Structure formats: C-alpha cells, structure tokens
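Asker: Just dropping this structure here.
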Amino acid sequence: MSRAMIELHNVSKRFGAVEAVRGVDLTIAEGEIVTLLGPSGSGKTTLLRMIAGFELPDKGRIVLDGKDVTHAPPYERDVRLVFQSYALFPHLTVEQNVEFGLKMMGVSASERRERVKDAISLVRIEGKEKARPHELSGGQKQRVALARALVCKPKVLLLDEPLSALDAKLRDAMQVELKKLQQKVGITFVFVTHDQQSALVVSDRIAVVNEGRIEQYAGVAEIYHRPKTAFVASFLGESNLLTARVLSRGDGKVRLSLAAGIEVIANDDGSRQYGSQVTVAIRPEKIHVEIFEFEMDGTFHGQVTDEIFRGPLAQLSIITESGLELTAVVATRTADRDTPSKGEQVTWWVHRDDVVIVG
Amino acid sequence: MGVVLAVPLVLWLFALVILPNLILLVYAFCDRDDFGQVVPKFSLEAFTRLADTSYLKILLRSLALSGVATTICVLVGFPVAYFIGRTSAKWQNKLLILVMIPFWISFLVRTYAWMILLRSEGLINALLQYTHVIAKPLELLYTDFAVLIGIVYAYLPFTILPIYASVEKLDPSLMEAASNLGARPLRTFWSVILPLTRPGIVAAALFVFIPSVGMFAIADLMGGARNQLVGNVIQNQFGQGRNWPFGAALGVVLLTLFLALLSWALKKDGEEALHR
Ligand SMILES: Nc1ncnc2c1ncn2[C@@H]1O[C@H](COP(=O)(O)OP(=O)(O)OP(=O)(O)O)[C@@H](O)[C@H]1O
Ligand SMILES: [Mg+2]
C-alpha cells in the first residue's frame, strides 16, 4: 500500500456531556476513497471537522501527509471540505465561488481563469458560470461546491453527505461520477454518509462508525462478508443475527447449535475466546432455499410464514420446527409457482463461509 | 383583503409623513409680512437667502460632523454587533437588552449626565487633574468634540441593532468554507463577512446620519452658542428668528439630500437582494 495521507491517533472529542468521538485510530492511504459510515449522531461530521481543523480534538493527534496538524488553523491545511449544506458564497457567481480558493492561494489571474474553466467543465456546469447560487438546483449547487474544492487540487477532499439532498436517480449518477472523478484526479477522498448503498458503490474501504468509535475498518467486500460486530453486520446490509451455542471446535472449524436439531459449521478465526454462547450473522441471500423436501447432512426443514415480492428478489420469512426464525432472500422464478410461497415447506442450508461469528 | 389591511398604514403615512412634508414644501415658497407672519403668496426669497455662504458653511459643518459620528458609530457598533450576533442565543438576548437599556432613561437626563462628566469641574477633568495627567482643566464641554460624543452616544444603539440583524443571519459555515479554502481571518472578513453584512451596515449608517444632521438638542446643550449646526438654524427660524419660510426651505434642502441618499442605498440594496 502507498503511504499514509491521513492519520488519526487516538483522537477524542467531547461536547459537554456528549462524547462525540472516542479514541479513534484511522489511517487513510494516498489516493484512497474511504467512507465513514454510521448512524446519525455517531460522530462522522465531528471527525471530518477535526481533520479540516474546525474542531480541536480534546485528545490525540492528527497527521496529514506526514505533518502533525493537530493545532494548525484550517487555512493552513491542504484539505478541502464539501459541506453538507454546500456553503456556497451567496454574493458571488458560480465562477467567483470556484475561483475563491485559487485567489487565496495566490494563483495568477491567467492560471486561475484556466483552472476555473477546467473545473467547471469537469463537473459539467458549463453555461452557469455567471449564475448566483440561489439560481441553481440542488444537484448543480453540489457540483459547484465540488468544483470549488477540486480546483484547488488539495491533497485531501472531505465530503460530508454531499448526496443526501439529491433524489435517488441523481444520487446514483453522482455516486458513479464521484468515483470516476476520484480515479481521474487521484486525490484522497473521505466521504461521510449514513447511506450504506452509497458507501458500497463509492468506497475502497469503509470505516463503520458507531457511538464515536470505529467498529470495523476494512475493504468493501470484507466489511460486507466478514463483519466483525453485530452492529456492522446489521448496519451494512441486512443480517440474520442469531444466538448460537458452541458444541465443539477444532481443525479451523466450529460446530454451532442454532436451535434444537439445527447445527451449522462456521470458520474458526481463532481470535475469539469462545464461551458457550456466541452471536452469528448470516446474510439473507446466503441462505439457500429449495422448494423440494430432501434430507442431507447440513440441510434443515422449515415453513415459509411470509413472502414479500421485490421484483428480481423475494424475501422469505422461514420458521423451523424448533422455533428458529430466519429471513432469506431468493431469486424470483419466471413461473411464479416455483418461488416458495406462504405456508409451504422448504429445505434450507447455509455454507460455513457464510456463517460469521460476530460476538 | 390585502388592500384593506394596508389602509391604516397608508393613512398613517399620509398624516404623519407626507402631509407635514407637503406643508413644509408649501411654506418654503411662501412670503412673510412685516411681523414675520407667513402669508400665502409665492416667493423665492427663502431660497435666495440660502445662497448666503455662512449657511452653506453651517450645512457642510453639520454634514461633516454627522459623517464623522456615523463613521465612529459604525466602527464601534460593528464589532459589538458582530460579537452579539455570534454568541449563543442565550447570551444574545441579554446583551441586546444591555444595548437597549439607555432607551429606558430620558434622552435629556442622559445628555445632562454627559455634560456633568465633561464639565471643567466634571468627573473626567477632576480625575485627570487628581492623577496629575493635566494641570489645568481641559475644555471638553461646549466643543465639537462634546457634540460628537453626544451624537455617538445617542445613536450607537441604532447602529448596533441593524448590523446585529444582518450578522445574526450570516451562515457560520460560510466563514468556515472561506477558511477551508485558505482565507486567513482578515481575508474572510473582507471577502465574505463584510459583503454579506453590508445591507445592515448601510442601514445602520443611514439611521445615524440622517437624524443626526437635523438634530439640534445635543448641539444646543453640549455645543454651546458658538457651535451651531443646521438643525439649530432651522429650529431658530421657527422660534425666535420668526422666519418660517426660510426654516422650511432649509428643511426642504435636507429632505432632498436624504431622499437622494436613501434612494441610492435602496437601489444598491435592491441589487444585492436580487443576488440572494
Ligand atoms: N457543536 C456541537 N455542540 C454540541 N454537541 C455536538 C456538536 N457537534 C456535534 N455534537 C454532538 O456530537 C455527536 C456527534 O455528532 P456528529 O455531527 O459528528 O454526528 P454525525 O455522525 O455526523 O451525524 P449525522 O449523520 O446526523 O450528520 C452528536 O451527539 C451531536 O449531538
Ligand atoms: Mg453529520
């Protein structure tokens, strides 16, 4: 991996009685897109504001590109923030807004004109150069805010929920655009969102934030497939969170009992001291469901108690004889009698790679 | 419905603003009899008297004094208003009440208080002599300086309030955005804070400048006989001078000046409002 661009060392921040950020350690590499994903009030904005220099951490250090900036004022950091509210200057035109940062950096007038033009075409808002912010739509404002930050060619770009004000279609388009843009300009992006879909589409790595702490920091696929905690498993996508009893372990495997007569095998990652009780997470789409009844090692029976049709997929609620309740997601078939429907008996099983011990 | 609701306002404006000014305009073009009574006969005499340079001097001096007072008021009022506008809502109300406390005390009482402070045997001189900063008392009262203090003191709250109103509306994230884009605090002030609070500053300046040009009570009490302002001259014409047409003519001149100033400010403000 390339060198570290942003390092947070044991950073904490408290507002009165609220511990907004608690001992966060985070390293973001140069040219990476990292998403801070977490529920409302988990401390994401506070983290960004500390990186940008608007809040002073109570404890810990912030290092940007190898330089300790913990106490540096915002205007001395090579970091640009795209505000959630855009914060465009209402008294300036689009062009002047984009030019603002270059002026502050002392860039010559001719170079400014060049770079403003490039930035405006990069985010595709040509023709709006002379408009004032109040004359723009939400999506256009966001592009201007993005251009205003990008034109400075900062080492780091921070984006605080820049897509939250947009409708779903525009948001999807902008997500893809952002990712392309990042690959084009090669700047380190830190993206804040509580929308897990954006996080998956945009990021190289995701840091799941909960109550001021980072619960897990890993690549997109790993976070999705191998969540470390129950919170991560349920916040990013959906998961069946089940209580299990450890029956035996060895040979890199653990044998778990989910309910009477339902024993599954999971990978033993060896990092946990198993008590008699553990929590496992199983993604609904990892549960294989077959409409025929058959017996094999590792297959179980159940009854469909509910079925929700969702276009290409159907969500099934399944209950076993021993009372275990599961949610499964299956592809809808062309002939609908092939999809298990309410009241039907089904056979299900799950692969051991898909049973993840989360606590 | 909307028209009906506007009726009281229109009546009020007509009775208390338009009608008096029309009367003023009519008087300015009237003649006087030998006893100084206004007679309804067209005359330009009042305006020819305006050509007398001594009046022009007094007018210019009044404008200059008000200009200086306005500048001081804005320079002092802005930081105060900015500070109030940026503190927590809880403190804002308390500080605003402090700003308005002088209004609870009679204007005359407050002016006399200043006179007591500034007199030769007043508090300020006594203190300076006691600490041996000066040997003889300074002549503070009955000077332009005293009038300036009086005006600034009287009108400062009127500067603070409109500036406060525009500071309070400022989105703090705009200042953060400027800082994030590399602007040092002074640049942020010039490039973001000042342009966005300009309507409040212009309003504040007009609130001081316009009433203080025509003001006579402070100059009367604190400026003494030598320091006449245009307000004193006008007041005099309606009093001992017994020359109402001339007083009215001076009033018309001031009014024209103010209307020009106001329409310029409104035009500027209108352009700004379009950009918001
Ligand atoms: N200036 C402040 N004063 C007091 N409390 C604050 C301040 N800023 C944030 N907090 C508190 O700190 C916690 C974290 O806030 P933060 O804004 O970082 O959350 P967030 O993860 O960005 O949430 P959201 O997704 O809703 O934007 C919250 O409980 C919030 O109330
Ligand atoms: Mg936030």
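We name chains A, B, ... following the order of the structure tokens; residues begin at 1 in each chain, and ligands are numbered from 1 as shown.
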Using only C-alpha atoms and a cut-off of 10 Å, which residues of chain B sit close to chain A? Please list them as a PyMOL selection string.
Answerer: chain B and resi 171-185+187-188+191-192+195-196+272-276
Asker: Set the distance at 10 Å and use only C-alpha atoms: which residues neighbour Lys57 in chain B once local chain neighbours fewer than 6 positions away are removed? I'd like the list as a list in words.
Answerer: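 Here the answer would be Leu63, Leu229 and Val230 of chain B.
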Asker: List as a count of residues only the protein and nucleic acid residues near Ala203 in chain B, meaning an atom at most 10 Å away when only C-alpha atoms are counted, but skip any in the same chain fewer than 5 places from it.
Answerer: 12
Asker: Residues contacting ligand 2 - anything with an atom at most 10 Å away, using only C-alpha atoms and all ligand atoms - can you give me those as a list in words?
Answerer: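 The residues near ligand 2 are Gly38, Pro39, Ser40, Gly41, Ser42, Gly43, Lys44, Thr45, Thr46, Leu47, Leu48, Arg49, Phe83, Gln84, Asp160, Glu161, Val192, Thr193 and His194 of chain A.
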Asker: Please indicate the distance in Å from CA of Ala20 in chain A to CA of Lys155 in chain A, rounded to one decimal place.
Answerer: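 Atom-to-atom, CA of Ala20 in chain A and CA of Lys155 in chain A are spaced 26.0 Å apart.
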